[in-house]
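Chemist: What follows is the file data.pdb, containing PDB, C-alpha atoms:
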```pdb
ATOM      1  CA  MET A   1       0.336  12.851 -22.254  1.00  0.00           C
ATOM      2  CA  GLY A   2       2.733  10.408 -20.566  1.00  0.00           C
ATOM      3  CA  LYS A   3       2.113   8.678 -17.258  1.00  0.00           C
ATOM      4  CA  ARG A   4       4.876  10.604 -15.493  1.00  0.00           C
ATOM      5  CA  THR A   5       3.379  13.917 -16.618  1.00  0.00           C
ATOM      6  CA  ILE A   6      -0.044  12.856 -15.331  1.00  0.00           C
ATOM      7  CA  ASP A   7       1.519  11.782 -12.021  1.00  0.00           C
ATOM      8  CA  VAL A   8       3.226  15.166 -11.560  1.00  0.00           C
ATOM      9  CA  ILE A   9       0.094  17.177 -12.420  1.00  0.00           C
ATOM     10  CA  LEU A  10      -2.272  15.115 -10.253  1.00  0.00           C
ATOM     11  CA  SER A  11       0.053  14.862  -7.251  1.00  0.00           C
ATOM     12  CA  ALA A  12       0.832  18.599  -7.323  1.00  0.00           C
ATOM     13  CA  LEU A  13      -2.853  19.525  -7.562  1.00  0.00           C
ATOM     14  CA  ALA A  14      -3.793  17.071  -4.814  1.00  0.00           C
ATOM     15  CA  LEU A  15      -1.098  18.406  -2.478  1.00  0.00           C
ATOM     16  CA  ILE A  16      -2.331  21.969  -3.019  1.00  0.00           C
ATOM     17  CA  VAL A  17      -6.032  21.157  -2.643  1.00  0.00           C
ATOM     18  CA  LEU A  18      -5.509  18.895   0.368  1.00  0.00           C
ATOM     19  CA  SER A  19      -2.992  21.141   2.155  1.00  0.00           C
ATOM     20  CA  PRO A  20      -5.542  22.518   4.713  1.00  0.00           C
ATOM     21  CA  PHE A  21      -6.643  18.950   5.440  1.00  0.00           C
ATOM     22  CA  PHE A  22      -2.996  17.890   5.795  1.00  0.00           C
ATOM     23  CA  MET A  23      -2.381  20.717   8.266  1.00  0.00           C
ATOM     24  CA  ALA A  24      -5.310  19.598  10.418  1.00  0.00           C
ATOM     25  CA  ILE A  25      -4.032  16.008  10.536  1.00  0.00           C
ATOM     26  CA  MET A  26      -0.491  17.208  11.279  1.00  0.00           C
ATOM     27  CA  LEU A  27      -1.709  19.294  14.224  1.00  0.00           C
ATOM     28  CA  ILE A  28      -3.746  16.405  15.636  1.00  0.00           C
ATOM     29  CA  LEU A  29      -0.776  14.049  15.396  1.00  0.00           C
ATOM     30  CA  ARG A  30       1.594  16.634  16.861  1.00  0.00           C
ATOM     31  CA  PHE A  31      -0.472  16.939  20.013  1.00  0.00           C
ATOM     32  CA  THR A  32      -1.498  13.294  20.454  1.00  0.00           C
ATOM     33  CA  GLY A  33       0.310  10.002  20.788  1.00  0.00           C
ATOM     34  CA  GLU A  34       4.083  10.479  20.755  1.00  0.00           C
ATOM     35  CA  GLY A  35       3.950  13.792  18.930  1.00  0.00           C
ATOM     36  CA  GLU A  36       5.337  12.344  15.695  1.00  0.00           C
ATOM     37  CA  VAL A  37       3.724  13.523  12.439  1.00  0.00           C
ATOM     38  CA  PHE A  38       5.454  11.630   9.639  1.00  0.00           C
ATOM     39  CA  TYR A  39       6.841   8.122   9.367  1.00  0.00           C
ATOM     40  CA  ARG A  40       9.494   7.336   6.778  1.00  0.00           C
ATOM     41  CA  GLN A  41      10.157   3.729   5.877  1.00  0.00           C
ATOM     42  CA  GLU A  42      12.570   2.338   3.326  1.00  0.00           C
ATOM     43  CA  ARG A  43      10.835   0.562   0.456  1.00  0.00           C
ATOM     44  CA  ILE A  44      12.065  -0.954  -2.802  1.00  0.00           C
ATOM     45  CA  GLY A  45      11.340   1.100  -5.906  1.00  0.00           C
ATOM     46  CA  LYS A  46      11.968   1.107  -9.623  1.00  0.00           C
ATOM     47  CA  GLY A  47      15.269  -0.432 -10.654  1.00  0.00           C
ATOM     48  CA  ASP A  48      15.402  -2.334  -7.336  1.00  0.00           C
ATOM     49  CA  ARG A  49      16.519   0.905  -5.667  1.00  0.00           C
ATOM     50  CA  PRO A  50      15.428   1.767  -2.117  1.00  0.00           C
ATOM     51  CA  PHE A  51      13.650   5.021  -1.281  1.00  0.00           C
ATOM     52  CA  LYS A  52      12.032   6.546   1.779  1.00  0.00           C
ATOM     53  CA  MET A  53       8.244   6.253   1.617  1.00  0.00           C
ATOM     54  CA  LEU A  54       6.284   8.849   3.562  1.00  0.00           C
ATOM     55  CA  LYS A  55       3.202   8.237   5.698  1.00  0.00           C
ATOM     56  CA  PHE A  56       1.358   9.937   8.498  1.00  0.00           C
ATOM     57  CA  THR A  57       2.365   8.319  11.776  1.00  0.00           C
ATOM     58  CA  THR A  58      -0.138   5.744  13.012  1.00  0.00           C
ATOM     59  CA  MET A  59       1.975   3.546  15.303  1.00  0.00           C
ATOM     60  CA  LEU A  60       4.469   3.780  18.136  1.00  0.00           C
ATOM     61  CA  LYS A  61       7.901   4.985  17.063  1.00  0.00           C
ATOM     62  CA  GLU A  62       9.588   1.706  18.002  1.00  0.00           C
ATOM     63  CA  SER A  63       6.951  -0.478  16.296  1.00  0.00           C
ATOM     64  CA  PRO A  64       9.388  -2.051  13.765  1.00  0.00           C
ATOM     65  CA  ASN A  65      11.333  -3.458  16.716  1.00  0.00           C
ATOM     66  CA  MET A  66       8.266  -4.707  18.573  1.00  0.00           C
ATOM     67  CA  GLY A  67       5.703  -7.492  18.161  1.00  0.00           C
ATOM     68  CA  THR A  68       5.213  -8.508  14.529  1.00  0.00           C
ATOM     69  CA  GLY A  69       7.814  -6.035  13.252  1.00  0.00           C
ATOM     70  CA  LEU A  70       7.007  -4.625   9.812  1.00  0.00           C
ATOM     71  CA  LEU A  71       3.671  -6.443   9.657  1.00  0.00           C
ATOM     72  CA  THR A  72       0.507  -5.048  11.220  1.00  0.00           C
ATOM     73  CA  VAL A  73      -2.301  -7.310  12.420  1.00  0.00           C
ATOM     74  CA  LYS A  74      -5.882  -6.703  13.479  1.00  0.00           C
ATOM     75  CA  ASP A  75      -6.189  -4.817  16.805  1.00  0.00           C
ATOM     76  CA  ASP A  76      -2.414  -4.352  16.846  1.00  0.00           C
ATOM     77  CA  PRO A  77      -1.598  -2.773  20.247  1.00  0.00           C
ATOM     78  CA  ARG A  78       1.143  -0.654  18.654  1.00  0.00           C
ATOM     79  CA  ILE A  79      -1.398   1.423  16.714  1.00  0.00           C
ATOM     80  CA  LEU A  80      -2.123   4.840  18.194  1.00  0.00           C
ATOM     81  CA  PRO A  81      -5.775   5.903  18.779  1.00  0.00           C
ATOM     82  CA  VAL A  82      -5.815   8.476  15.955  1.00  0.00           C
ATOM     83  CA  GLY A  83      -3.811   6.031  13.871  1.00  0.00           C
ATOM     84  CA  ARG A  84      -6.697   3.551  13.790  1.00  0.00           C
ATOM     85  CA  PHE A  85      -8.904   6.075  12.024  1.00  0.00           C
ATOM     86  CA  LEU A  86      -6.154   7.121   9.623  1.00  0.00           C
ATOM     87  CA  ARG A  87      -5.401   3.512   8.696  1.00  0.00           C
ATOM     88  CA  LYS A  88      -9.045   2.530   8.277  1.00  0.00           C
ATOM     89  CA  THR A  89      -9.701   5.439   5.926  1.00  0.00           C
ATOM     90  CA  LYS A  90      -6.244   5.121   4.247  1.00  0.00           C
ATOM     91  CA  LEU A  91      -5.602   8.795   5.022  1.00  0.00           C
ATOM     92  CA  ASN A  92      -2.221   7.797   6.420  1.00  0.00           C
ATOM     93  CA  GLU A  93      -1.106   7.041   2.851  1.00  0.00           C
ATOM     94  CA  LEU A  94      -1.753  10.546   1.462  1.00  0.00           C
ATOM     95  CA  PRO A  95       1.750  11.952   2.174  1.00  0.00           C
ATOM     96  CA  GLN A  96       2.977   9.560  -0.516  1.00  0.00           C
ATOM     97  CA  LEU A  97       1.678  12.153  -2.973  1.00  0.00           C
ATOM     98  CA  TRP A  98       5.039  13.808  -2.265  1.00  0.00           C
ATOM     99  CA  ASN A  99       6.819  10.578  -3.270  1.00  0.00           C
ATOM    100  CA  VAL A 100       4.786  10.662  -6.488  1.00  0.00           C
ATOM    101  CA  LEU A 101       5.679  14.292  -7.166  1.00  0.00           C
ATOM    102  CA  ILE A 102       9.429  13.744  -6.790  1.00  0.00           C
ATOM    103  CA  GLY A 103       9.416  10.564  -8.872  1.00  0.00           C
ATOM    104  CA  ASP A 104       9.800   7.768  -6.315  1.00  0.00           C
ATOM    105  CA  MET A 105       6.290   6.507  -6.977  1.00  0.00           C
ATOM    106  CA  SER A 106       3.350   6.709  -9.352  1.00  0.00           C
ATOM    107  CA  ILE A 107      -0.348   7.217  -8.613  1.00  0.00           C
ATOM    108  CA  VAL A 108      -0.997   3.608  -9.682  1.00  0.00           C
ATOM    109  CA  GLY A 109       1.477   0.740  -9.646  1.00  0.00           C
ATOM    110  CA  PRO A 110       2.653  -2.259  -7.633  1.00  0.00           C
ATOM    111  CA  ARG A 111       2.563  -1.457  -3.945  1.00  0.00           C
ATOM    112  CA  PRO A 112       6.130  -0.733  -2.697  1.00  0.00           C
ATOM    113  CA  GLN A 113       7.401  -3.367  -0.289  1.00  0.00           C
ATOM    114  CA  ALA A 114       9.877  -3.224   2.562  1.00  0.00           C
ATOM    115  CA  GLU A 115      12.984  -5.127   1.496  1.00  0.00           C
ATOM    116  CA  PRO A 116      12.373  -8.263   3.646  1.00  0.00           C
ATOM    117  CA  HIS A 117       8.923  -8.629   2.069  1.00  0.00           C
ATOM    118  CA  PHE A 118      10.135  -7.779  -1.431  1.00  0.00           C
ATOM    119  CA  ARG A 119      12.727 -10.571  -1.210  1.00  0.00           C
ATOM    120  CA  LEU A 120       9.961 -13.077  -0.453  1.00  0.00           C
ATOM    121  CA  PHE A 121       8.919 -12.711  -4.098  1.00  0.00           C
ATOM    122  CA  SER A 122      10.585 -15.000  -6.614  1.00  0.00           C
ATOM    123  CA  GLN A 123      13.519 -13.614  -8.596  1.00  0.00           C
ATOM    124  CA  GLU A 124      11.282 -13.424 -11.660  1.00  0.00           C
ATOM    125  CA  VAL A 125       8.660 -11.365  -9.815  1.00  0.00           C
ATOM    126  CA  GLN A 126      11.325  -9.050  -8.404  1.00  0.00           C
ATOM    127  CA  ARG A 127      12.726  -8.419 -11.894  1.00  0.00           C
ATOM    128  CA  GLU A 128       9.258  -7.599 -13.266  1.00  0.00           C
ATOM    129  CA  LEU A 129       8.367  -5.228 -10.423  1.00  0.00           C
ATOM    130  CA  ALA A 130      11.697  -3.425 -10.786  1.00  0.00           C
ATOM    131  CA  LYS A 131      10.604  -2.317 -14.272  1.00  0.00           C
ATOM    132  CA  VAL A 132       8.026   0.198 -13.026  1.00  0.00           C
ATOM    133  CA  ARG A 133       7.550   2.798 -10.331  1.00  0.00           C
ATOM    134  CA  PRO A 134       5.588   1.484  -7.345  1.00  0.00           C
ATOM    135  CA  GLY A 135       2.177   3.009  -6.780  1.00  0.00           C
ATOM    136  CA  LEU A 136       0.172   4.903  -4.208  1.00  0.00           C
ATOM    137  CA  SER A 137      -2.466   2.293  -4.982  1.00  0.00           C
ATOM    138  CA  GLY A 138      -2.784  -0.710  -7.250  1.00  0.00           C
ATOM    139  CA  ILE A 139      -4.270  -4.146  -7.607  1.00  0.00           C
ATOM    140  CA  GLY A 140      -2.267  -5.542  -4.671  1.00  0.00           C
ATOM    141  CA  SER A 141      -3.596  -2.816  -2.393  1.00  0.00           C
ATOM    142  CA  ILE A 142      -7.166  -3.438  -3.532  1.00  0.00           C
ATOM    143  CA  VAL A 143      -7.169  -7.225  -3.187  1.00  0.00           C
ATOM    144  CA  PHE A 144      -5.269  -7.144   0.105  1.00  0.00           C
ATOM    145  CA  ARG A 145      -7.008  -4.094   1.569  1.00  0.00           C
ATOM    146  CA  ASP A 146      -7.929  -6.274   4.577  1.00  0.00           C
ATOM    147  CA  GLU A 147      -4.448  -7.715   5.043  1.00  0.00           C
ATOM    148  CA  GLU A 148      -4.421  -7.060   8.801  1.00  0.00           C
ATOM    149  CA  ASN A 149      -7.490  -9.269   9.301  1.00  0.00           C
ATOM    150  CA  ILE A 150      -6.129 -11.902   6.911  1.00  0.00           C
ATOM    151  CA  LEU A 151      -2.953 -12.164   8.973  1.00  0.00           C
ATOM    152  CA  ALA A 152      -4.885 -12.272  12.237  1.00  0.00           C
ATOM    153  CA  SER A 153      -7.169 -15.085  11.052  1.00  0.00           C
ATOM    154  CA  ALA A 154      -4.481 -17.225   9.425  1.00  0.00           C
ATOM    155  CA  GLY A 155      -4.054 -19.477  12.456  1.00  0.00           C
ATOM    156  CA  LYS A 156      -0.279 -19.040  12.391  1.00  0.00           C
ATOM    157  CA  GLY A 157       2.301 -16.367  13.137  1.00  0.00           C
ATOM    158  CA  ALA A 158       2.026 -13.156  11.098  1.00  0.00           C
ATOM    159  CA  GLN A 159       5.468 -13.583   9.517  1.00  0.00           C
ATOM    160  CA  GLU A 160       4.749 -17.184   8.515  1.00  0.00           C
ATOM    161  CA  ALA A 161       1.281 -16.301   7.221  1.00  0.00           C
ATOM    162  CA  TYR A 162       2.651 -13.492   5.072  1.00  0.00           C
ATOM    163  CA  ALA A 163       5.444 -15.623   3.621  1.00  0.00           C
ATOM    164  CA  LYS A 164       3.314 -18.719   2.975  1.00  0.00           C
ATOM    165  CA  ASP A 165      -0.147 -17.345   2.267  1.00  0.00           C
ATOM    166  CA  ILE A 166       0.166 -13.797   0.940  1.00  0.00           C
ATOM    167  CA  ALA A 167       3.496 -13.100  -0.779  1.00  0.00           C
ATOM    168  CA  ASP A 168       3.075 -15.488  -3.721  1.00  0.00           C
ATOM    169  CA  TYR A 169      -0.407 -14.326  -4.745  1.00  0.00           C
ATOM    170  CA  LYS A 170       0.379 -10.657  -4.154  1.00  0.00           C
ATOM    171  CA  GLY A 171       3.452 -11.000  -6.344  1.00  0.00           C
ATOM    172  CA  ARG A 172       1.434 -12.604  -9.165  1.00  0.00           C
ATOM    173  CA  LEU A 173      -1.155  -9.835  -8.963  1.00  0.00           C
ATOM    174  CA  GLU A 174       1.475  -7.113  -9.179  1.00  0.00           C
ATOM    175  CA  VAL A 175       3.153  -8.811 -12.156  1.00  0.00           C
ATOM    176  CA  TRP A 176      -0.272  -8.950 -13.851  1.00  0.00           C
ATOM    177  CA  TYR A 177      -0.398  -5.168 -13.519  1.00  0.00           C
ATOM    178  CA  VAL A 178       3.100  -4.732 -14.980  1.00  0.00           C
ATOM    179  CA  HIS A 179       2.106  -6.804 -18.016  1.00  0.00           C
ATOM    180  CA  ASN A 180      -1.311  -5.188 -18.516  1.00  0.00           C
ATOM    181  CA  ARG A 181      -0.812  -1.586 -17.422  1.00  0.00           C
ATOM    182  CA  SER A 182      -2.457   1.135 -19.481  1.00  0.00           C
ATOM    183  CA  PHE A 183      -4.200   4.456 -18.960  1.00  0.00           C
ATOM    184  CA  TRP A 184      -7.575   2.691 -18.737  1.00  0.00           C
ATOM    185  CA  ILE A 185      -6.366   0.038 -16.305  1.00  0.00           C
ATOM    186  CA  ASP A 186      -4.905   2.789 -14.105  1.00  0.00           C
ATOM    187  CA  LEU A 187      -8.182   4.711 -14.232  1.00  0.00           C
ATOM    188  CA  LEU A 188     -10.136   1.585 -13.311  1.00  0.00           C
ATOM    189  CA  LEU A 189      -7.792   0.825 -10.396  1.00  0.00           C
ATOM    190  CA  VAL A 190      -8.238   4.375  -9.052  1.00  0.00           C
ATOM    191  CA  PHE A 191     -12.014   3.862  -9.233  1.00  0.00           C
ATOM    192  CA  LEU A 192     -11.771   0.488  -7.478  1.00  0.00           C
ATOM    193  CA  THR A 193      -9.526   1.957  -4.776  1.00  0.00           C
ATOM    194  CA  ILE A 194     -12.141   4.593  -3.944  1.00  0.00           C
ATOM    195  CA  TRP A 195     -14.857   1.917  -4.040  1.00  0.00           C
ATOM    196  CA  VAL A 196     -13.180  -0.438  -1.544  1.00  0.00           C
ATOM    197  CA  VAL A 197     -12.289   2.412   0.828  1.00  0.00           C
ATOM    198  CA  LEU A 198     -15.901   3.656   0.922  1.00  0.00           C
ATOM    199  CA  LEU A 199     -17.520   0.193   0.709  1.00  0.00           C
ATOM    200  CA  PRO A 200     -15.058  -2.352   2.161  1.00  0.00           C
ATOM    201  CA  ALA A 201     -17.403  -5.338   1.838  1.00  0.00           C
ATOM    202  CA  GLY A 202     -17.332  -7.311  -1.387  1.00  0.00           C
ATOM    203  CA  ASN A 203     -14.785  -7.870  -4.106  1.00  0.00           C
ATOM    204  CA  PRO A 204     -15.669  -5.564  -7.039  1.00  0.00           C
ATOM    205  CA  TYR A 205     -12.347  -6.241  -8.743  1.00  0.00           C
ATOM    206  CA  ARG A 206     -13.602  -9.723  -9.684  1.00  0.00           C
ATOM    207  CA  ARG A 207     -16.394  -8.138 -11.702  1.00  0.00           C
ATOM    208  CA  PHE A 208     -14.275  -5.511 -13.460  1.00  0.00           C
ATOM    209  CA  LEU A 209     -11.023  -7.456 -13.835  1.00  0.00           C
ATOM    210  CA  PRO A 210     -12.005 -11.039 -14.714  1.00  0.00           C
ATOM    211  CA  GLY A 211      -8.548 -11.751 -16.151  1.00  0.00           C
ATOM    212  CA  LEU A 212      -6.731 -11.469 -12.826  1.00  0.00           C
ATOM    213  CA  PRO A 213      -4.575 -14.403 -11.648  1.00  0.00           C
ATOM    214  CA  GLN A 214      -6.598 -16.772  -9.505  1.00  0.00           C
ATOM    215  CA  ASN A 215      -5.900 -17.436  -5.849  1.00  0.00           C
ATOM    216  CA  THR A 216      -4.993 -21.135  -5.673  1.00  0.00           C
ATOM    217  CA  ASN A 217      -4.084 -21.243  -1.986  1.00  0.00           C
ATOM    218  CA  PRO A 218      -6.939 -22.755   0.093  1.00  0.00           C
ATOM    219  CA  ASP A 219      -5.456 -21.153   3.241  1.00  0.00           C
ATOM    220  CA  LEU A 220      -5.820 -17.669   1.753  1.00  0.00           C
ATOM    221  CA  ARG A 221      -9.413 -16.537   1.993  1.00  0.00           C
ATOM    222  CA  LEU A 222     -10.188 -13.277   0.218  1.00  0.00           C
TER     223      LEU A 222
END
```
What does the file become when written as structure tokens?

Modeler:
Amino acid sequence: MGKRTIDVILSALALIVLSPFFMAIMLILRFTGEGEVFYRQERIGKGDRPFKMLKFTTMLKESPNMGTGLLTVKDDPRILPVGRFLRKTKLNELPQLWNVLIGDMSIVGPRPQAEPHFRLFSQEVQRELAKVRPGLSGIGSIVFRDEENILASAGKGAQEAYAKDIADYKGRLEVWYVHNRSFWIDLLLVFLTIWVVLLPAGNPYRRFLPGLPQNTNPDLRL
């Protein structure tokens, strides 16, 4: 069974099973904050083509034009009260199951980046990432699950910290996935995603994926 077939089956089943849960979240968002339910943001996908990635709304509508723009930092004042819970539990990402179903994304793959962040990767990294569908989760999401705190503790502006401290290592991690992807790697990354959501402390990926590229930046503490 091919990866695309597995993606379609799993995303369709998940959307059906989770539909009552989705409805509850949609109602809560509709009657709190600014009344917005979904947030669509352009990301770069397979073949270097942009697509609209779907999330539950967690921030003010004008957030991209405020503060740190497309980056979110710890205790970001733009985050709505319900949004904090959704972001912490990663429930805000679940609408991307629709992106998986229609073929924009895969269950596992490199995390899709907004174009300004995607262009921070080297040309070589961009070419490699363009070979595969981006993922609902993947090694970049697991290693940088605490990205908001990393940016907040960098001792520099969020944009500068992302460009200098995060982009290079994240790009190398995602390329590692492109070169090593398999059914078993995908299964392991799904397991690790659940692990780090339920138990945020620790770095289990180091135990299960010893061949990952090493972080060589002393300013990036993971």

Chemist: Identify all residues satisfying the PyMOL selection byres ((chain A and resi 208-216) around 9) in the given file; provide them as a ChimeraX atom specification.

Modeler: /A:169,172-173,176-177,188,192,204-207,217-222

Chemist: Taking 3 positions as the minimum chain separation for residues in the same chain, which residues sit within 10 Å of Gln113 (chain A) when counting all atoms listed in the file? Answer as a ChimeraX atom specification.

Modeler: /A:41-45,50,53,110,116-119,134

Chemist: On this structure, which residues satisfy the PyMOL selection byres ((chain A and resi 159-163) around 12), written as an NGL selection string?

Modeler: :A and (67-73 or 116-122 or 144 or 147-158 or 164-171 or 217 or 219-221)

Chemist: With all atoms listed in the file as the basis for distance, which of A:Lys61, A:Arg127, A:Arg145, A:Arg111 is at the shortest distance from Leu80 (chain A)?

Modeler: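 The answer is A:Lys61, which sits nearest to Leu80 (chain A).
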
Chemist: How far is it from CA of Trp98 (chain A) to CA of Ala12 (chain A), in Å with one decimal?

Modeler: 8.1 Å
